[in-house]
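Presented below is the structure to which this report refers.
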Amino acid sequence: MNKTHANDPADRILAAAMEAVARTAALKIEKEPAQAAADRARGQARNPVVAFVHEGRKFRYAAEIRTIDRAAGLGIVKARMEKCAQPWLLAAPYITAEMADQCRAMGVQFIDAAGNAYLKARGLHIYITGRKRALKDAPAAKDRATTATGMRVVFALLCRPELLNAPYRDIAAAAGVALGTVGWALFALQDRGHLLADKLRGRGFTDKKRLTEEWALNYPVRLRPRLGARRFQAPRPDWWKTARLEKNAALLGGEAAGELLTDYRKAGEAVVYAAGDPTRLIIDNRLKADPAGAVEILEKFWNFDAGTGGGKTVPPLLVYADLMAARDPRDHELAKLIYERYLANAED
């Protein structure tokens, strides 16, 4: 096995997973020389390639290295890798037995640092699950870019890339965070290979697509639970089409935003992000509290113009994240359409 870049967290995860599965599945595993860490440092991120040797045959996979703790994350990983030119697998620090079942159901092959694995190809079929995480594999220190406040900073930078080289106070104002949070978040992004800092050209993303998907993956777990979500029932399903949301400093997300941005299908639910107290919004639109209601109101957590959907929708990144976190497969299809139209070719 070739040595990985000792200081790169992703390479450490991959190396640990490869070594663990080599023991539990009795496979010879090789990491082919893709120089993933060096590529990321040059702004040319590529997926490392691993090879499994079984009964004299070699099975090659592109490895997508992620920490996954919910099914929505699997959907994002699968969407990213579906267009890969060769077979691929997920390499993770740990995959629970429940998540392993989800992976198998979705056709996501994986290996983890505990020795769990799902590999299925012609002449190769391995499914190992239930192995416990070793103490030494416990999560590392908190990444400042994936805390709730750090994610606000990353969101602002992804939506408004010109902020990358703006004064810290401007970034803090756009993200709605304390000034000190900005430096920590930028340092974390650079430390993990998401940013390059050049004295002449300033800061720039190394792989904006990967960071976008990472943010969408973490959003439902790290930031969304902090936004005070409440559910309501509306007088009619399309109430939001005539609602004066701008009067209440509110914007549409989720399915309603997806309908406005793509006209792909009619929305069954509406997510609303409101700045400040939403009481007037609730009263004006005759919304009634209902835990099972089709309307969800959350706190608006950014301070810049979204510029989409005629000024009625949240930034496409947030629409994408909400839709990918939903359980309805039709929402995942809508999310892919949002990504292709609004995010895939966005300039850094």
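For the structure tokens, the naming scheme is as follows: chains receive sequential letters (A, B, ...) according to their order of presentation, residues are indexed from 1 within each chain, and ligands are indexed from 1 in presentation order.
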Could you give me the residues within range 172-319 of chain A that DSSP places in strand (DSSP E), as a ChimeraX atom specification? /A:195-198,202-205,230-233,250-253,270-274,288-289,295-299
Using the chain letters and numbers from this document, which residues of range 211-279 of chain A does DSSP assign to alpha helix (DSSP H), as number ranges by chain? A: 211-222, 254-262, 279
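The shortest atom-to-atom distance to Ala148 in chain A, with only C-alpha atoms taken into account, belongs to A:Pro220 out of A:Pro235, A:Gly107, A:Pro220, A:Pro315.
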Residue contacts of range 166-176 of chain A (8 Å, only C-alpha atoms) excluding same-chain residues fewer than 6 positions away, as a VMD selection string: chain A and resid 152 to 153 155 to 157 182 to 183 301 to 304
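Taking only C-alpha atoms, the non-local environment of Ala197 in chain A within 10 Å (same-chain residues fewer than 5 positions away omitted) comprises Leu164, Asn165, Gln190, Gly202, Arg203, Gly204, Phe205 and Thr206 of chain A.
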Let me see the file: selected residues, N, CA, C and O atoms, as a PDB file, in the first residue's frame.
```
ATOM      1  N   LEU A 164     -14.742  36.378  -0.247  1.00  0.00           N
ATOM      2  CA  LEU A 164     -13.520  35.667   0.141  1.00  0.00           C
ATOM      3  C   LEU A 164     -12.376  36.632   0.439  1.00  0.00           C
ATOM      4  O   LEU A 164     -11.558  36.381   1.316  1.00  0.00           O
ATOM      5  N   ASN A 165     -12.315  37.724  -0.302  1.00  0.00           N
ATOM      6  CA  ASN A 165     -11.217  38.678  -0.120  1.00  0.00           C
ATOM      7  C   ASN A 165     -11.692  40.024   0.417  1.00  0.00           C
ATOM      8  O   ASN A 165     -11.000  41.026   0.307  1.00  0.00           O
ATOM      9  N   GLN A 190      -8.928  26.555   5.103  1.00  0.00           N
ATOM     10  CA  GLN A 190      -7.601  26.464   4.498  1.00  0.00           C
ATOM     11  C   GLN A 190      -6.863  25.231   5.002  1.00  0.00           C
ATOM     12  O   GLN A 190      -6.211  24.513   4.234  1.00  0.00           O
ATOM     13  N   GLY A 202      -4.970  36.503  -3.810  1.00  0.00           N
ATOM     14  CA  GLY A 202      -5.895  36.412  -2.678  1.00  0.00           C
ATOM     15  C   GLY A 202      -6.394  34.986  -2.451  1.00  0.00           C
ATOM     16  O   GLY A 202      -5.803  34.019  -2.928  1.00  0.00           O
ATOM     17  N   ARG A 203      -7.506  34.856  -1.743  1.00  0.00           N
ATOM     18  CA  ARG A 203      -8.075  33.543  -1.443  1.00  0.00           C
ATOM     19  C   ARG A 203      -8.945  33.044  -2.588  1.00  0.00           C
ATOM     20  O   ARG A 203      -9.581  33.826  -3.292  1.00  0.00           O
ATOM     21  N   GLY A 204      -8.985  31.728  -2.721  1.00  0.00           N
ATOM     22  CA  GLY A 204      -9.851  31.111  -3.731  1.00  0.00           C
ATOM     23  C   GLY A 204     -10.198  29.694  -3.330  1.00  0.00           C
ATOM     24  O   GLY A 204      -9.439  29.024  -2.614  1.00  0.00           O
ATOM     25  N   PHE A 205     -11.361  29.227  -3.745  1.00  0.00           N
ATOM     26  CA  PHE A 205     -11.751  27.850  -3.469  1.00  0.00           C
ATOM     27  C   PHE A 205     -10.895  26.882  -4.279  1.00  0.00           C
ATOM     28  O   PHE A 205     -10.588  27.147  -5.450  1.00  0.00           O
ATOM     29  N   THR A 206     -10.533  25.760  -3.690  1.00  0.00           N
ATOM     30  CA  THR A 206      -9.825  24.719  -4.429  1.00  0.00           C
ATOM     31  C   THR A 206     -10.798  23.819  -5.174  1.00  0.00           C
ATOM     32  O   THR A 206     -10.502  23.343  -6.275  1.00  0.00           O
TER      33      THR A 206
END
```
Gly310 in chain A: which residues within 10 Å, counting only C-alpha atoms, same-chain residues fewer than 3 positions away excluded, as a JSON list (two decimals) with N, CA and C atoms, in the first residue's frame?
```json
[["chain", "number", "residue", "atom", "x", "y", "z"],
["A", 260, "LEU", "N", -40.80, 27.62, -7.84],
["A", 260, "LEU", "CA", -40.55, 28.93, -8.42],
["A", 260, "LEU", "C", -39.32, 28.93, -9.32],
["A", 261, "LEU", "N", -38.28, 28.22, -8.90],
["A", 261, "LEU", "CA", -37.02, 28.25, -9.62],
["A", 261, "LEU", "C", -36.98, 27.34, -10.84],
["A", 306, "ALA", "N", -30.45, 37.40, -1.81],
["A", 306, "ALA", "CA", -30.41, 36.09, -2.45],
["A", 306, "ALA", "C", -30.34, 36.21, -3.96],
["A", 307, "GLY", "N", -31.13, 37.11, -4.53],
["A", 307, "GLY", "CA", -31.07, 37.37, -5.97],
["A", 307, "GLY", "C", -31.63, 36.29, -6.85],
["A", 313, "THR", "N", -37.06, 33.83, -3.17],
["A", 313, "THR", "CA", -36.52, 32.57, -2.64],
["A", 313, "THR", "C", -35.19, 32.77, -1.93]]
```
Tell me, counting only C-alpha atoms, for each residue of range 146-232 of chain A within 10 Å of range 60-68 of chain A, which pair of atoms is nearest and how far apart they are in Å to one decimal, in rows ordered by chain and increasing number, as JSON lines.
```
{"residue": "A:Glu214", "atom": "CA", "partner": "A:Arg66", "partner_atom": "CA", "distance": 8.5}
{"residue": "A:Leu217", "atom": "CA", "partner": "A:Ile68", "partner_atom": "CA", "distance": 8.3}
{"residue": "A:Asn218", "atom": "CA", "partner": "A:Ile68", "partner_atom": "CA", "distance": 9.1}
```
Kindly export the residues of the current selection with N, CA, C and O atoms, as an mmCIF file, in the first residue's frame.
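Dumped everything to out.cif:
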```
data_model
loop_
_atom_site.group_PDB
_atom_site.id
_atom_site.type_symbol
_atom_site.label_atom_id
_atom_site.label_comp_id
_atom_site.auth_asym_id
_atom_site.auth_seq_id
_atom_site.Cartn_x
_atom_site.Cartn_y
_atom_site.Cartn_z
ATOM 1 N N GLU A 214 -20.452 19.375 0.788
ATOM 2 C CA GLU A 214 -20.177 19.160 2.210
ATOM 3 C C GLU A 214 -21.086 20.043 3.060
ATOM 4 O O GLU A 214 -21.621 19.597 4.078
ATOM 5 N N LEU A 217 -24.537 18.640 3.090
ATOM 6 C CA LEU A 217 -24.570 17.424 3.891
ATOM 7 C C LEU A 217 -24.649 17.753 5.382
ATOM 8 O O LEU A 217 -25.402 17.121 6.138
ATOM 9 N N ASN A 218 -23.900 18.752 5.820
ATOM 10 C CA ASN A 218 -23.843 19.095 7.242
ATOM 11 C C ASN A 218 -25.005 19.970 7.703
ATOM 12 O O ASN A 218 -25.351 19.966 8.892
#
```
For Ala92 in chain A, list every protein, DNA or RNA residue within 12 Å, evaluated using only C-alpha atoms, and leave out those in the same chain fewer than 4 positions away; present the list as a ChimeraX atom specification. /A:9-18,20-21,63-69,73-74,77,96,99-100,109-117,133,137,139
Keeping only N, CA, C and O atoms, write those residues as a compact mmCIF listing (two decimals), in the first residue's frame.
```
# COMPACT_ATOMS: atom_id res chain seq x y z
N PRO A 9 -6.47 14.97 6.63
CA PRO A 9 -7.49 14.18 7.33
C PRO A 9 -8.18 13.17 6.43
O PRO A 9 -8.46 12.04 6.85
N ALA A 10 -8.47 13.56 5.18
CA ALA A 10 -9.15 12.64 4.27
C ALA A 10 -8.29 11.42 3.99
O ALA A 10 -8.77 10.28 3.97
N ASP A 11 -7.00 11.64 3.77
CA ASP A 11 -6.11 10.51 3.50
C ASP A 11 -5.96 9.61 4.71
O ASP A 11 -5.83 8.39 4.59
N ARG A 12 -6.00 10.21 5.91
CA ARG A 12 -5.91 9.38 7.13
C ARG A 12 -7.14 8.49 7.26
O ARG A 12 -7.03 7.33 7.65
N ILE A 13 -8.31 9.04 6.93
CA ILE A 13 -9.55 8.24 6.98
C ILE A 13 -9.47 7.08 5.99
O ILE A 13 -9.77 5.93 6.32
N LEU A 14 -9.03 7.39 4.77
CA LEU A 14 -8.94 6.35 3.75
C LEU A 14 -7.94 5.27 4.14
O LEU A 14 -8.23 4.07 3.99
N ALA A 15 -6.78 5.66 4.64
CA ALA A 15 -5.77 4.69 5.03
C ALA A 15 -6.28 3.78 6.14
O ALA A 15 -6.09 2.55 6.09
N ALA A 16 -6.96 4.37 7.13
CA ALA A 16 -7.48 3.57 8.25
C ALA A 16 -8.55 2.59 7.77
O ALA A 16 -8.60 1.43 8.20
N ALA A 17 -9.43 3.05 6.87
CA ALA A 17 -10.49 2.19 6.36
C ALA A 17 -9.92 1.04 5.53
O ALA A 17 -10.35 -0.11 5.63
N MET A 18 -8.93 1.34 4.71
CA MET A 18 -8.31 0.31 3.88
C MET A 18 -7.64 -0.76 4.74
O MET A 18 -7.80 -1.97 4.51
N ALA A 20 -8.28 -1.50 7.90
CA ALA A 20 -9.27 -2.25 8.69
C ALA A 20 -9.98 -3.30 7.85
O ALA A 20 -10.16 -4.45 8.27
N VAL A 21 -10.37 -2.92 6.63
CA VAL A 21 -11.09 -3.86 5.77
C VAL A 21 -10.16 -4.96 5.25
O VAL A 21 -10.60 -6.09 5.02
N ALA A 63 -12.55 6.56 -4.62
CA ALA A 63 -13.00 6.67 -3.24
C ALA A 63 -13.50 8.08 -2.93
O ALA A 63 -12.79 9.06 -3.17
N GLU A 64 -14.71 8.16 -2.42
CA GLU A 64 -15.28 9.43 -1.93
C GLU A 64 -15.19 9.39 -0.41
O GLU A 64 -15.82 8.55 0.24
N ILE A 65 -14.39 10.26 0.17
CA ILE A 65 -14.08 10.21 1.60
C ILE A 65 -14.97 11.20 2.33
O ILE A 65 -14.85 12.42 2.15
N ARG A 66 -15.87 10.69 3.17
CA ARG A 66 -16.84 11.54 3.86
C ARG A 66 -17.16 10.96 5.24
O ARG A 66 -17.08 9.75 5.46
N THR A 67 -17.58 11.83 6.15
CA THR A 67 -18.20 11.41 7.39
C THR A 67 -19.71 11.46 7.17
O THR A 67 -20.25 12.50 6.83
N ILE A 68 -20.38 10.33 7.35
CA ILE A 68 -21.81 10.22 7.05
C ILE A 68 -22.55 9.78 8.30
O ILE A 68 -22.20 8.78 8.92
N ASP A 69 -23.60 10.53 8.68
CA ASP A 69 -24.36 10.14 9.87
C ASP A 69 -25.87 10.18 9.64
O ASP A 69 -26.65 10.05 10.56
N GLY A 73 -27.26 12.36 3.69
CA GLY A 73 -25.87 12.46 3.27
C GLY A 73 -25.52 11.45 2.20
O GLY A 73 -24.76 11.73 1.28
N LEU A 74 -26.08 10.26 2.32
CA LEU A 74 -25.84 9.23 1.30
C LEU A 74 -26.36 9.68 -0.06
O LEU A 74 -25.74 9.44 -1.09
N VAL A 77 -23.87 12.11 -1.54
CA VAL A 77 -22.67 11.41 -2.02
C VAL A 77 -22.98 10.67 -3.31
O VAL A 77 -22.21 10.72 -4.28
N THR A 96 -22.59 3.08 10.87
CA THR A 96 -23.39 2.30 11.80
C THR A 96 -24.10 1.17 11.05
O THR A 96 -24.20 1.18 9.83
N MET A 99 -26.92 2.62 9.05
CA MET A 99 -26.46 3.29 7.84
C MET A 99 -25.94 2.28 6.81
O MET A 99 -26.06 2.49 5.60
N ALA A 100 -25.36 1.18 7.29
CA ALA A 100 -24.89 0.14 6.38
C ALA A 100 -26.06 -0.44 5.60
O ALA A 100 -25.96 -0.69 4.39
N GLN A 109 -21.59 1.37 -2.16
CA GLN A 109 -20.56 0.51 -1.58
C GLN A 109 -19.70 1.35 -0.64
O GLN A 109 -19.50 2.54 -0.87
N PHE A 110 -19.17 0.72 0.43
CA PHE A 110 -18.43 1.51 1.42
C PHE A 110 -17.39 0.66 2.14
O PHE A 110 -17.47 -0.58 2.17
N ILE A 111 -16.45 1.34 2.75
CA ILE A 111 -15.53 0.77 3.73
C ILE A 111 -15.40 1.78 4.86
O ILE A 111 -15.56 2.99 4.64
N ASP A 112 -15.13 1.32 6.09
CA ASP A 112 -14.91 2.27 7.18
C ASP A 112 -13.73 1.82 8.04
O ASP A 112 -13.21 0.71 7.90
N ALA A 113 -13.32 2.71 8.95
CA ALA A 113 -12.13 2.48 9.76
C ALA A 113 -12.32 1.43 10.84
O ALA A 113 -11.35 1.03 11.50
N ALA A 114 -13.55 0.96 11.04
CA ALA A 114 -13.80 -0.12 12.00
C ALA A 114 -13.74 -1.49 11.33
O ALA A 114 -13.79 -2.52 12.00
N GLY A 115 -13.67 -1.52 10.02
CA GLY A 115 -13.63 -2.79 9.29
C GLY A 115 -14.96 -3.19 8.70
O GLY A 115 -15.09 -4.27 8.11
N ASN A 116 -15.98 -2.34 8.82
CA ASN A 116 -17.26 -2.61 8.16
C ASN A 116 -17.10 -2.34 6.67
O ASN A 116 -16.32 -1.47 6.26
N ALA A 117 -17.86 -3.07 5.84
CA ALA A 117 -17.71 -2.90 4.40
C ALA A 117 -18.90 -3.46 3.65
O ALA A 117 -19.56 -4.40 4.11
N ARG A 133 -16.93 1.05 16.67
CA ARG A 133 -15.88 2.05 16.46
C ARG A 133 -14.82 1.90 17.55
O ARG A 133 -15.14 1.83 18.74
N ASP A 137 -10.49 5.82 17.11
CA ASP A 137 -11.12 6.39 15.92
C ASP A 137 -12.20 7.40 16.26
O ASP A 137 -12.97 7.80 15.41
N PRO A 139 -14.19 10.82 16.96
CA PRO A 139 -14.08 12.03 16.16
C PRO A 139 -13.01 12.99 16.70
O PRO A 139 -12.81 13.12 17.91
```
